[in-house]
file run-v1.pdb (PDB, C-alpha atoms)
ATOM      1  CA  MET I  26     120.549  92.236 110.176
ATOM      2  CA  ILE I  27     118.534  89.474 111.795
ATOM      3  CA  LYS I  28     118.015  85.850 110.813
ATOM      4  CA  VAL I  29     114.393  84.827 110.218
ATOM      5  CA  VAL I  30     112.274  82.099 108.672
ATOM      6  CA  GLY I  31     108.949  82.734 106.921
ATOM      7  CA  VAL I  32     105.996  80.620 108.056
ATOM      8  CA  ARG I  33     102.491  80.244 106.606
ATOM      9  CA  PHE I  34      99.413  78.891 108.377
ATOM     10  CA  LYS I  35      97.082  78.732 105.384
ATOM     11  CA  LYS I  36      97.637  77.766 101.743
ATOM     12  CA  THR I  37      97.755  81.355 100.480
ATOM     13  CA  GLY I  38      97.924  83.100 103.829
ATOM     14  CA  LYS I  39     100.312  85.870 104.751
ATOM     15  CA  ILE I  40     103.911  84.885 105.515
ATOM     16  CA  TYR I  41     104.996  85.690 109.063
ATOM     17  CA  TYR I  42     108.594  85.900 110.255
ATOM     18  CA  PHE I  43     109.870  83.843 113.190
ATOM     19  CA  ASP I  44     113.189  83.277 114.884
ATOM     20  CA  PRO I  45     114.518  79.883 113.675
ATOM     21  CA  ALA I  46     116.733  79.674 116.773
ATOM     22  CA  ASP I  47     119.159  76.756 116.345
ATOM     23  CA  ILE I  48     116.727  74.549 114.443
ATOM     24  CA  LYS I  49     117.797  73.508 110.944
ATOM     25  CA  LEU I  50     114.879  74.379 108.683
ATOM     26  CA  GLN I  51     114.145  74.330 104.972
ATOM     27  CA  THR I  52     111.189  75.254 102.773
ATOM     28  CA  GLY I  53     108.273  72.869 103.237
ATOM     29  CA  ASP I  54     109.117  71.779 106.793
ATOM     30  CA  HIS I  55     106.138  71.642 109.167
ATOM     31  CA  VAL I  56     106.787  73.545 112.375
ATOM     32  CA  ILE I  57     105.250  74.481 115.689
ATOM     33  CA  VAL I  58     105.609  78.182 116.488
ATOM     34  CA  GLU I  59     104.630  80.601 119.200
ATOM     35  CA  THR I  60     102.205  83.308 117.998
ATOM     36  CA  ALA I  61     100.241  86.134 119.555
ATOM     37  CA  ARG I  62      97.215  83.854 119.876
ATOM     38  CA  GLY I  63      99.114  80.841 121.213
ATOM     39  CA  VAL I  64     100.971  77.832 119.870
ATOM     40  CA  GLU I  65     100.243  77.213 116.178
ATOM     41  CA  TYR I  66     101.047  74.671 113.456
ATOM     42  CA  GLY I  67     102.389  75.934 110.128
ATOM     43  CA  TRP I  68     104.959  75.272 107.451
ATOM     44  CA  VAL I  69     108.089  77.008 106.241
ATOM     45  CA  ALA I  70     107.293  79.117 103.168
ATOM     46  CA  THR I  71     110.682  80.825 102.951
ATOM     47  CA  GLY I  72     113.838  79.260 104.331
ATOM     48  CA  PRO I  73     116.177  80.965 106.810
ATOM     49  CA  LYS I  74     117.523  84.302 105.588
ATOM     50  CA  GLU I  75     118.801  87.593 106.950
ATOM     51  CA  ILE I  76     116.703  90.754 106.744
ATOM     52  CA  ASP I  77     117.049  94.295 108.038
ATOM     53  CA  ASP I  78     115.842  94.888 111.599
ATOM     54  CA  SER I  79     113.454  97.575 110.318
ATOM     55  CA  GLU I  80     111.368  94.887 108.591
ATOM     56  CA  ILE I  81     110.441  93.320 111.908
ATOM     57  CA  VAL I  82     107.306  94.668 113.592
ATOM     58  CA  GLY I  83     107.109  93.841 117.289
ATOM     59  CA  ALA I  84     108.961  91.067 119.081
ATOM     60  CA  LEU I  85     110.189  88.192 116.950
ATOM     61  CA  LYS I  86     108.714  84.987 118.345
ATOM     62  CA  PRO I  87     110.567  81.655 118.074
ATOM     63  CA  VAL I  88     110.025  78.423 116.192
ATOM     64  CA  LEU I  89     109.479  75.937 119.016
ATOM     65  CA  ARG I  90     110.221  72.722 117.117
ATOM     66  CA  LEU I  91     109.801  70.757 113.939
ATOM     67  CA  ALA I  92     106.329  69.191 113.900
ATOM     68  CA  THR I  93     106.296  65.686 115.347
ATOM     69  CA  GLU I  94     104.094  62.793 114.277
ATOM     70  CA  ALA I  95     101.777  63.637 117.173
ATOM     71  CA  ASP I  96     101.584  67.263 115.993
ATOM     72  CA  GLU I  97     100.686  66.130 112.478
ATOM     73  CA  LYS I  98      97.891  63.926 113.845
ATOM     74  CA  LYS I  99      96.561  66.752 115.988
ATOM     75  CA  ALA I 100      96.508  69.118 113.010
ATOM     76  CA  ALA I 101      94.618  66.515 110.955
ATOM     77  CA  ASP I 102      92.152  65.955 113.797
ATOM     78  CA  ASN I 103      91.535  69.703 113.973
ATOM     79  CA  LYS I 104      90.666  69.710 110.266
ATOM     80  CA  GLU I 105      88.026  67.040 110.867
ATOM     81  CA  LYS I 106      86.652  68.960 113.855
ATOM     82  CA  GLU I 107      86.377  72.086 111.680
ATOM     83  CA  LYS I 108      84.118  70.252 109.218
ATOM     84  CA  LYS I 109      81.788  69.137 112.013
ATOM     85  CA  ALA I 110      81.803  72.592 113.626
ATOM     86  CA  PHE I 111      80.828  74.090 110.256
ATOM     87  CA  GLU I 112      77.697  71.917 110.111
ATOM     88  CA  VAL I 113      76.801  72.675 113.722
ATOM     89  CA  CYS I 114      77.180  76.418 113.165
ATOM     90  CA  LEU I 115      74.974  76.272 110.048
ATOM     91  CA  GLU I 116      72.217  74.656 112.147
ATOM     92  CA  LYS I 117      72.571  77.313 114.854
ATOM     93  CA  ILE I 118      72.457  80.155 112.313
ATOM     94  CA  ALA I 119      69.222  78.740 110.890
ATOM     95  CA  LYS I 120      67.827  78.281 114.406
ATOM     96  CA  HIS I 121      68.445  81.955 115.271
ATOM     97  CA  GLY I 122      67.289  83.164 111.852
ATOM     98  CA  LEU I 123      70.417  85.204 111.257
ATOM     99  CA  LYS I 124      71.077  86.768 107.840
ATOM    100  CA  MET I 125      74.683  85.693 107.508
ATOM    101  CA  LYS I 126      76.655  83.274 105.331
ATOM    102  CA  LEU I 127      79.132  80.988 107.058
ATOM    103  CA  VAL I 128      82.338  80.779 105.006
ATOM    104  CA  ASP I 129      84.970  78.952 107.042
ATOM    105  CA  VAL I 130      85.803  77.516 110.471
ATOM    106  CA  GLU I 131      89.244  77.416 112.040
ATOM    107  CA  TYR I 132      90.468  75.667 115.181
ATOM    108  CA  THR I 133      93.579  77.019 116.859
ATOM    109  CA  PHE I 134      96.216  74.298 117.155
ATOM    110  CA  ASP I 135      95.814  73.951 120.918
ATOM    111  CA  GLY I 136      92.002  73.899 120.608
ATOM    112  CA  ASN I 137      91.555  76.839 122.980
ATOM    113  CA  LYS I 138      89.596  78.858 120.417
ATOM    114  CA  ILE I 139      87.343  78.245 117.430
ATOM    115  CA  LEU I 140      86.977  80.992 114.828
ATOM    116  CA  PHE I 141      83.932  81.197 112.557
ATOM    117  CA  TYR I 142      84.237  83.397 109.460
ATOM    118  CA  PHE I 143      81.100  84.771 107.803
ATOM    119  CA  THR I 144      79.824  87.379 105.354
ATOM    120  CA  ALA I 145      76.718  89.537 105.712
ATOM    121  CA  ASP I 146      75.244  92.604 104.043
ATOM    122  CA  GLY I 147      75.295  94.586 107.266
ATOM    123  CA  ARG I 148      75.888  94.230 110.989
ATOM    124  CA  VAL I 149      74.677  91.026 112.607
ATOM    125  CA  ASP I 150      73.782  90.575 116.275
ATOM    126  CA  PHE I 151      75.330  87.165 116.861
ATOM    127  CA  ARG I 152      75.603  87.310 120.662
ATOM    128  CA  GLU I 153      73.063  84.519 121.187
ATOM    129  CA  LEU I 154      74.770  82.431 118.511
ATOM    130  CA  VAL I 155      78.107  82.765 120.325
ATOM    131  CA  LYS I 156      76.515  81.657 123.603
ATOM    132  CA  ASP I 157      74.920  78.692 121.859
ATOM    133  CA  LEU I 158      78.205  77.605 120.267
ATOM    134  CA  ALA I 159      80.117  78.089 123.522
ATOM    135  CA  SER I 160      77.671  75.816 125.330
ATOM    136  CA  VAL I 161      78.326  73.103 122.740
ATOM    137  CA  TYR I 162      82.122  73.337 122.547
ATOM    138  CA  ARG I 163      82.941  74.781 125.976
ATOM    139  CA  THR I 164      85.836  76.802 124.631
ATOM    140  CA  ARG I 165      86.421  80.348 123.387
ATOM    141  CA  ILE I 166      84.306  81.227 120.348
ATOM    142  CA  GLU I 167      85.076  84.078 117.956
ATOM    143  CA  LEU I 168      82.971  85.179 114.987
ATOM    144  CA  ARG I 169      84.642  87.339 112.342
ATOM    145  CA  GLN I 170      82.845  89.136 109.549
ATOM    146  CA  ILE I 171      84.902  89.159 106.364
ATOM    147  CA  GLY I 172      84.563  90.831 102.947
ATOM    148  CA  VAL I 173      83.531  89.293  99.634
ATOM    149  CA  ARG I 174      87.144  89.093  98.419
ATOM    150  CA  ASP I 175      88.119  87.121 101.530
ATOM    151  CA  GLU I 176      85.138  84.828 100.976
ATOM    152  CA  THR I 177      86.236  84.083  97.407
ATOM    153  CA  LYS I 178      89.802  83.494  98.589
ATOM    154  CA  ALA I 179      88.588  80.968 101.176
ATOM    155  CA  LEU I 180      86.142  79.083  98.924
ATOM    156  CA  GLY I 181      88.181  79.102  95.704
ATOM    157  CA  GLY I 182      86.946  78.481  92.167
ATOM    158  CA  TYR I 183      87.863  79.240  88.556
ATOM    159  CA  GLY I 184      87.950  82.567  86.738
ATOM    160  CA  ILE I 185      86.869  83.436  83.204
ATOM    161  CA  CYS I 186      90.449  82.681  82.115
ATOM    162  CA  GLY I 187      89.885  79.031  83.037
ATOM    163  CA  ARG I 188      92.500  79.089  85.791
ATOM    164  CA  GLU I 189      92.066  78.794  89.547
ATOM    165  CA  PHE I 190      91.383  82.084  91.331
ATOM    166  CA  CYS I 191      94.696  83.889  91.929
ATOM    167  CA  CYS I 192      93.685  84.743  95.500
ATOM    168  CA  HIS I 193      93.042  81.081  96.290
ATOM    169  CA  ALA I 194      95.997  79.650  94.359
ATOM    170  CA  PHE I 195      98.949  81.877  95.279
ATOM    171  CA  GLN I 196      98.029  85.470  96.211
ATOM    172  CA  SER I 197      98.825  86.002  99.887
ATOM    173  CA  GLU I 198      97.512  89.554 100.194
ATOM    174  CA  PHE I 199      94.972  91.632  98.296
ATOM    175  CA  VAL I 200      96.161  94.700  96.403
ATOM    176  CA  PRO I 201      94.055  97.759  95.491
ATOM    177  CA  VAL I 202      92.680  97.675  91.941
ATOM    178  CA  SER I 203      91.278 100.859  90.373
ATOM    179  CA  ILE I 204      89.196 101.873  87.365
ATOM    180  CA  ARG I 205      92.175 103.985  86.265
ATOM    181  CA  MET I 206      94.130 100.755  85.717
ATOM    182  CA  ALA I 207      91.369  99.368  83.501
ATOM    183  CA  LYS I 208      91.448 102.576  81.446
ATOM    184  CA  ASP I 209      95.241 102.389  81.115
ATOM    185  CA  GLN I 210      94.824  98.917  79.598
ATOM    186  CA  ASN I 211      92.107 100.107  77.222
ATOM    187  CA  LEU I 212      89.616  97.647  78.744
ATOM    188  CA  SER I 213      85.885  97.950  78.288
ATOM    189  CA  LEU I 214      84.426  99.688  81.338
ATOM    190  CA  ASN I 215      81.556  97.231  81.453
ATOM    191  CA  PRO I 216      81.310  96.098  85.111
ATOM    192  CA  THR I 217      80.382  92.544  84.099
ATOM    193  CA  LYS I 218      83.552  92.197  82.018
ATOM    194  CA  ILE I 219      86.164  93.547  84.427
ATOM    195  CA  SER I 220      84.876  92.176  87.726
ATOM    196  CA  GLY I 221      85.702  88.780  89.181
ATOM    197  CA  SER I 222      83.445  86.252  90.874
ATOM    198  CA  CYS I 223      83.813  88.218  94.111
ATOM    199  CA  GLY I 224      82.073  91.189  92.498
ATOM    200  CA  ARG I 225      85.183  93.373  92.677
ATOM    201  CA  LEU I 226      87.664  94.431  89.993
ATOM    202  CA  MET I 227      89.781  91.492  88.835
ATOM    203  CA  CYS I 228      93.180  91.170  90.527
ATOM    204  CA  CYS I 229      94.893  90.467  87.187
ATOM    205  CA  ILE I 230      94.233  94.089  86.172
ATOM    206  CA  LYS I 231      96.739  95.093  88.844
ATOM    207  CA  TYR I 232      99.284  92.435  87.823
ATOM    208  CA  GLU I 233      99.353  93.674  84.236
ATOM    209  CA  GLU I 234      99.303  97.398  84.992
ATOM    210  CA  GLU I 235     103.083  97.838  85.162
ATOM    211  CA  ALA I 236     103.604  96.084  81.812
ATOM    212  CA  TYR I 237     100.922  98.182  80.105
ATOM    213  CA  LEU I 238     102.352 101.434  81.467
ATOM    214  CA  ASP I 239     105.814 100.449  80.250
ATOM    215  CA  LEU I 240     104.553  99.438  76.799
ATOM    216  CA  SER I 241     102.428 102.548  76.340
ATOM    217  CA  LYS I 242     104.930 105.198  77.484
ATOM    218  CA  ASN I 243     106.070 105.858  73.885
ATOM    219  CA  LEU I 244     102.656 105.447  72.277
ATOM    220  CA  PRO I 245     100.236 108.240  71.307
ATOM    221  CA  HIS I 246      96.590 108.599  72.265
ATOM    222  CA  PRO I 247      93.573 108.471  69.957
ATOM    223  CA  GLY I 248      93.154 111.928  68.476
ATOM    224  CA  ASP I 249      96.876 112.750  68.386
ATOM    225  CA  GLU I 250      98.175 114.112  65.090
ATOM    226  CA  ALA I 251     101.078 112.481  63.268
ATOM    227  CA  THR I 252     103.106 112.549  60.089
ATOM    228  CA  THR I 253     103.729 109.296  58.263
ATOM    229  CA  GLU I 254     107.158 108.240  57.008
ATOM    230  CA  ASP I 255     106.141 109.255  53.474
ATOM    231  CA  GLY I 256     105.015 112.728  54.567
ATOM    232  CA  TYR I 257     101.248 112.388  54.864
ATOM    233  CA  HIS I 258      99.260 114.003  57.653
ATOM    234  CA  ALA I 259      97.386 111.515  59.850
ATOM    235  CA  VAL I 260      95.260 111.311  62.981
ATOM    236  CA  VAL I 261      95.580 108.435  65.455
ATOM    237  CA  ASP I 262      92.409 106.355  65.455
ATOM    238  CA  SER I 263      93.313 103.558  67.885
ATOM    239  CA  VAL I 264      96.324 101.963  69.569
ATOM    240  CA  ASN I 265      97.083  98.271  70.183
ATOM    241  CA  ILE I 266      99.381  98.424  73.189
ATOM    242  CA  LEU I 267     100.425  94.757  73.243
ATOM    243  CA  LYS I 268     101.154  94.507  69.505
ATOM    244  CA  GLN I 269     102.713  98.009  69.465
ATOM    245  CA  ARG I 270     100.645  98.921  66.421
ATOM    246  CA  ILE I 271      98.983 102.272  65.746
ATOM    247  CA  ARG I 272      95.960 102.631  63.462
ATOM    248  CA  VAL I 273      95.774 106.059  61.843
ATOM    249  CA  ILE I 274      93.526 107.790  59.357
ATOM    250  CA  VAL I 275      95.785 109.190  56.634
ATOM    251  CA  ASP I 276      94.753 112.319  54.702
ATOM    252  CA  LEU I 277      95.722 111.632  51.086
ATOM    253  CA  GLY I 278      94.306 114.934  49.804
ATOM    254  CA  ASP I 279      91.286 115.702  47.637
ATOM    255  CA  ASP I 280      89.022 114.589  50.535
ATOM    256  CA  GLU I 281      90.470 111.096  50.302
ATOM    257  CA  ARG I 282      91.364 109.265  53.520
ATOM    258  CA  GLU I 283      92.739 105.834  54.232
ATOM    259  CA  ALA I 284      93.173 103.708  57.363
ATOM    260  CA  ARG I 285      96.697 102.371  57.848
ATOM    261  CA  GLU I 286      98.717 100.671  60.591
ATOM    262  CA  TYR I 287     102.195 101.677  61.685
ATOM    263  CA  GLY I 288     104.724 100.955  64.373
ATOM    264  CA  PRO I 289     105.583 103.806  66.800
ATOM    265  CA  LYS I 290     108.938 104.431  65.062
ATOM    266  CA  ASP I 291     107.256 104.908  61.693
ATOM    267  CA  LEU I 292     105.281 107.966  62.746
ATOM    268  CA  LYS I 293     106.259 111.426  63.900
ATOM    269  CA  PHE I 294     103.765 112.701  66.448
ATOM    270  CA  THR I 295     102.830 116.331  66.905
ATOM    271  CA  LYS I 296     100.172 117.938  69.045
ATOM    272  CA  LYS I 297      96.892 116.346  70.019
ATOM    273  CA  LYS I 298      94.068 117.207  67.697
ATOM    274  CA  LYS I 299      91.348 119.113  69.512
ATOM    275  CA  LYS I 300      87.836 117.905  68.891
ATOM    276  CA  LYS I 301      84.621 117.748  70.788
ATOM    277  CA  LYS I 302      84.077 114.584  72.748
ATOM    278  CA  ASN I 303      80.931 112.606  72.304
ATOM    279  CA  GLN I 304      79.816 109.155  73.339
ATOM    280  CA  ASN I 305      80.630 107.656  69.957
ATOM    281  CA  GLN I 306      84.190 109.000  69.991
ATOM    282  CA  ASP I 307      85.152 107.759  73.464
ATOM    283  CA  LYS I 308      84.585 104.061  73.943
ATOM    284  CA  ASN I 309      85.490 104.407  77.615
ATOM    285  CA  GLN I 310      82.856 107.052  78.258
ATOM    286  CA  VAL I 311      80.166 105.644  80.541
ATOM    287  CA  SER I 312      76.903 106.839  82.004
ATOM    288  CA  ASP I 313      76.540 108.095  85.570
ATOM    289  CA  GLU I 314      74.861 104.820  86.563
ATOM    290  CA  GLU I 315      77.655 102.745  85.045
ATOM    291  CA  MET I 316      80.301 104.877  86.770
ATOM    292  CA  LYS I 317      78.511 104.385  90.096
ATOM    293  CA  ALA I 318      78.564 100.619  89.506
ATOM    294  CA  LEU I 319      82.278 100.773  88.639
ATOM    295  CA  LYS I 320      83.059 102.693  91.836
ATOM    296  CA  GLU I 321      81.331  99.919  93.805
ATOM    297  CA  LEU I 322      83.734  97.407  92.254
ATOM    298  CA  GLU I 323      86.697  99.263  93.800
ATOM    299  CA  LYS I 324      85.385  98.830  97.355
ATOM    300  CA  GLU I 325      86.794  96.132  99.592
TER     301      GLU I 325
END

call {"tool": "encode", "arguments": {"input": "run-v1.pdb", "output": "C-alpha cells"}}
result
Amino acid sequence: MIKVVGVRFKKTGKIYYFDPADIKLQTGDHVIVETARGVEYGWVATGPKEIDDSEIVGALKPVLRLATEADEKKAADNKEKEKKAFEVCLEKIAKHGLKMKLVDVEYTFDGNKILFYFTADGRVDFRELVKDLASVYRTRIELRQIGVRDETKALGGYGICGREFCCHAFQSEFVPVSIRMAKDQNLSLNPTKISGSCGRLMCCIKYEEEAYLDLSKNLPHPGDEATTEDGYHAVVDSVNILKQRIRVIVDLGDDEREAREYGPKDLKFTKKKKKKKNQNQDKNQVSDEEMKALKELEKE
C-alpha cells in the first residue's frame, strides 16, 4: 500500500495521484505539484489515502507545497493572460484563413508553455500559426486538436433536462455510450432525441444503463406469451421498465381481446410468440440512413 493524494488541475479534469510527503493536506487545499510537464498549480480533490501499488502508473511525483499567496496571484494572473491570448489567437487564425475553431487556452503555471485547444473537421496545417504565436509570446506554443465532446466539456451549457452539462459540471472522464444502451432503455432511436449538444449520444444513457438492466432482468419482451392469474392466454404488447408494468393483449375467447396491465408477478410467461417483424411492429426498427446516423453518434 502507498499513501497518495488526488489532485485536479481543472474543474472537471482527471484526478491525478501525488505523494503528499509530510505535508498535512485536506480536500480543497490549493497545492503546487511537480508534473511531467513541469511545476503546476492544482487543488486537492481527494484527501490523503492508501491505495494498492498496482494503481500507480509510473513514478509518483511529490506535492511540493501548499499554495502561497504569491502562487494564488500567479495563477490568477495566468487566467487573465489566457483571455488575452485567446483573442490574439483568434486574430491570427483569421489572418491565416485557417478552418479551425479555437476552444480554450491554457498557460502552464510557470509560463513556459501556452496550449491552444481547437476543433476542426479535418487536419489543419497550423505551422505558420505556431510561428506567429511564438514570435508574439516568445515561449513554447502547443496546438492540440480536440473532439466535439471535449469542446462541449470545455465550453459548458445546459442540456434538454435543464441541468448543466454533466461533462462540464462533474464528469471527469468520458465513457463509451452505445446504441445498444438506448435500445435496452426502450428509447426512441431518433438521433435528434438521444444525442446531446455535442452531437454524440447523451452521457446519461450510460449512467442509467445499469439500473435499466437490473429492472428489466425479470421482465418479458414484446411478443412473449403469458398466462394471466385468472387463466387467460395473453401476449405481451409493451413493457414499462421503470413502473414495472406489463401491458398485454388478453384473449377472452370468441375473437374477443382486451388490453390489460399487470405486474411481473401476476403473469406466468411461456415461450416467445413467433411472428413476422415489420416496421409497424418494431418501434425501434430504423432505416439504413437512420442507422448510419446513429453509428456516427457513437464516434468520439

call {"tool": "atom_distance", "arguments": {"input": "run-v1.pdb", "atom1": "atom CA of I:Phe111", "atom2": "atom CA of I:Ser197"}}
result
23.9 Å

call {"tool": "closest_residue", "arguments": {"input": "run-v1.pdb", "among": "I:Asp44, I:Glu105, I:Glu250, I:Asp146", "to": "I:Leu292", "atoms": "only C-alpha atoms"}}
result
I:Glu250

call {"tool": "atom_distance", "arguments": {"input": "run-v1.pdb", "atom1": "atom CA of I:Val161", "atom2": "atom CA of I:Lys138"}}
result
12.9 Å

call {"tool": "residues_around", "arguments": {"input": "run-v1.pdb", "residues": "I:Met26", "least_positions_apart": "5", "cutoff": "9 Å", "atoms": "all atoms listed in the file", "output": "PDB file with C-alpha atoms, keeping the file's coordinate frame"}}
result
ATOM      1  CA  GLU I  75     118.801  87.593 106.950  1.00  0.00           C
ATOM      2  CA  ILE I  76     116.703  90.754 106.744  1.00  0.00           C
ATOM      3  CA  ASP I  77     117.049  94.295 108.038  1.00  0.00           C
ATOM      4  CA  ASP I  78     115.842  94.888 111.599  1.00  0.00           C
ATOM      5  CA  SER I  79     113.454  97.575 110.318  1.00  0.00           C
TER       6      SER I  79
END

call {"tool": "resolve_selection", "arguments": {"input": "run-v1.pdb", "expression": "the PyMOL selection byres ((chain I and resi 140) around 7)", "output": "list of chain:residue names"}}
result
I:Val130, I:Glu131, I:Tyr132, I:Lys138, I:Ile139, I:Phe141, I:Tyr142, I:Ile166, I:Glu167, I:Leu168

call {"tool": "atom_distance", "arguments": {"input": "run-v1.pdb", "atom1": "atom CA of I:Lys242", "atom2": "atom CA of I:Cys191"}}
result
27.7 Å

call {"tool": "closest_residue", "arguments": {"input": "run-v1.pdb", "among": "I:Arg33, I:Lys208, I:Lys98, I:Lys178", "to": "I:Thr60", "atoms": "all atoms listed in the file"}}
result
I:Arg33

call {"tool": "closest_residue", "arguments": {"input": "run-v1.pdb", "among": "I:Phe294, I:Tyr232, I:Tyr41, I:Phe151", "to": "I:Ile271", "atoms": "only C-alpha atoms"}}
result
I:Phe294

call {"tool": "resolve_selection", "arguments": {"input": "run-v1.pdb", "expression": "the PyMOL selection byres ((chain I and resi 230) around 12)", "output": "ChimeraX atom specification"}}
result
/I:191,200-212,218-221,225-229,231-238,323

call {"tool": "residues_around", "arguments": {"input": "run-v1.pdb", "residues": "I:Tyr183", "least_positions_apart": "4", "cutoff": "12 Å", "atoms": "all atoms listed in the file", "output": "MDAnalysis selection string"}}
result
chainID I and resid 177:178 187:194 221:223

call {"tool": "write_last_selection", "arguments": {"input": "run-v1.pdb", "atoms": "C-alpha atoms", "output": "compact mmCIF listing (two decimals), keeping the file's coordinate frame"}}
result
# COMPACT_ATOMS: atom_id res chain seq x y z
CA THR I 177 86.24 84.08 97.41
CA LYS I 178 89.80 83.49 98.59
CA GLY I 187 89.88 79.03 83.04
CA ARG I 188 92.50 79.09 85.79
CA GLU I 189 92.07 78.79 89.55
CA PHE I 190 91.38 82.08 91.33
CA CYS I 191 94.70 83.89 91.93
CA CYS I 192 93.68 84.74 95.50
CA HIS I 193 93.04 81.08 96.29
CA ALA I 194 96.00 79.65 94.36
CA GLY I 221 85.70 88.78 89.18
CA SER I 222 83.44 86.25 90.87
CA CYS I 223 83.81 88.22 94.11

call {"tool": "closest_residue", "arguments": {"input": "run-v1.pdb", "among": "I:Ile118, I:Val32, I:Ile185, I:Leu123", "to": "I:Glu59", "atoms": "only C-alpha atoms"}}
result
I:Val32

call {"tool": "closest_residue", "arguments": {"input": "run-v1.pdb", "among": "I:Ala251, I:Gly83, I:Asn243, I:Phe134", "to": "I:Ala101", "atoms": "all atoms listed in the file"}}
result
I:Phe134
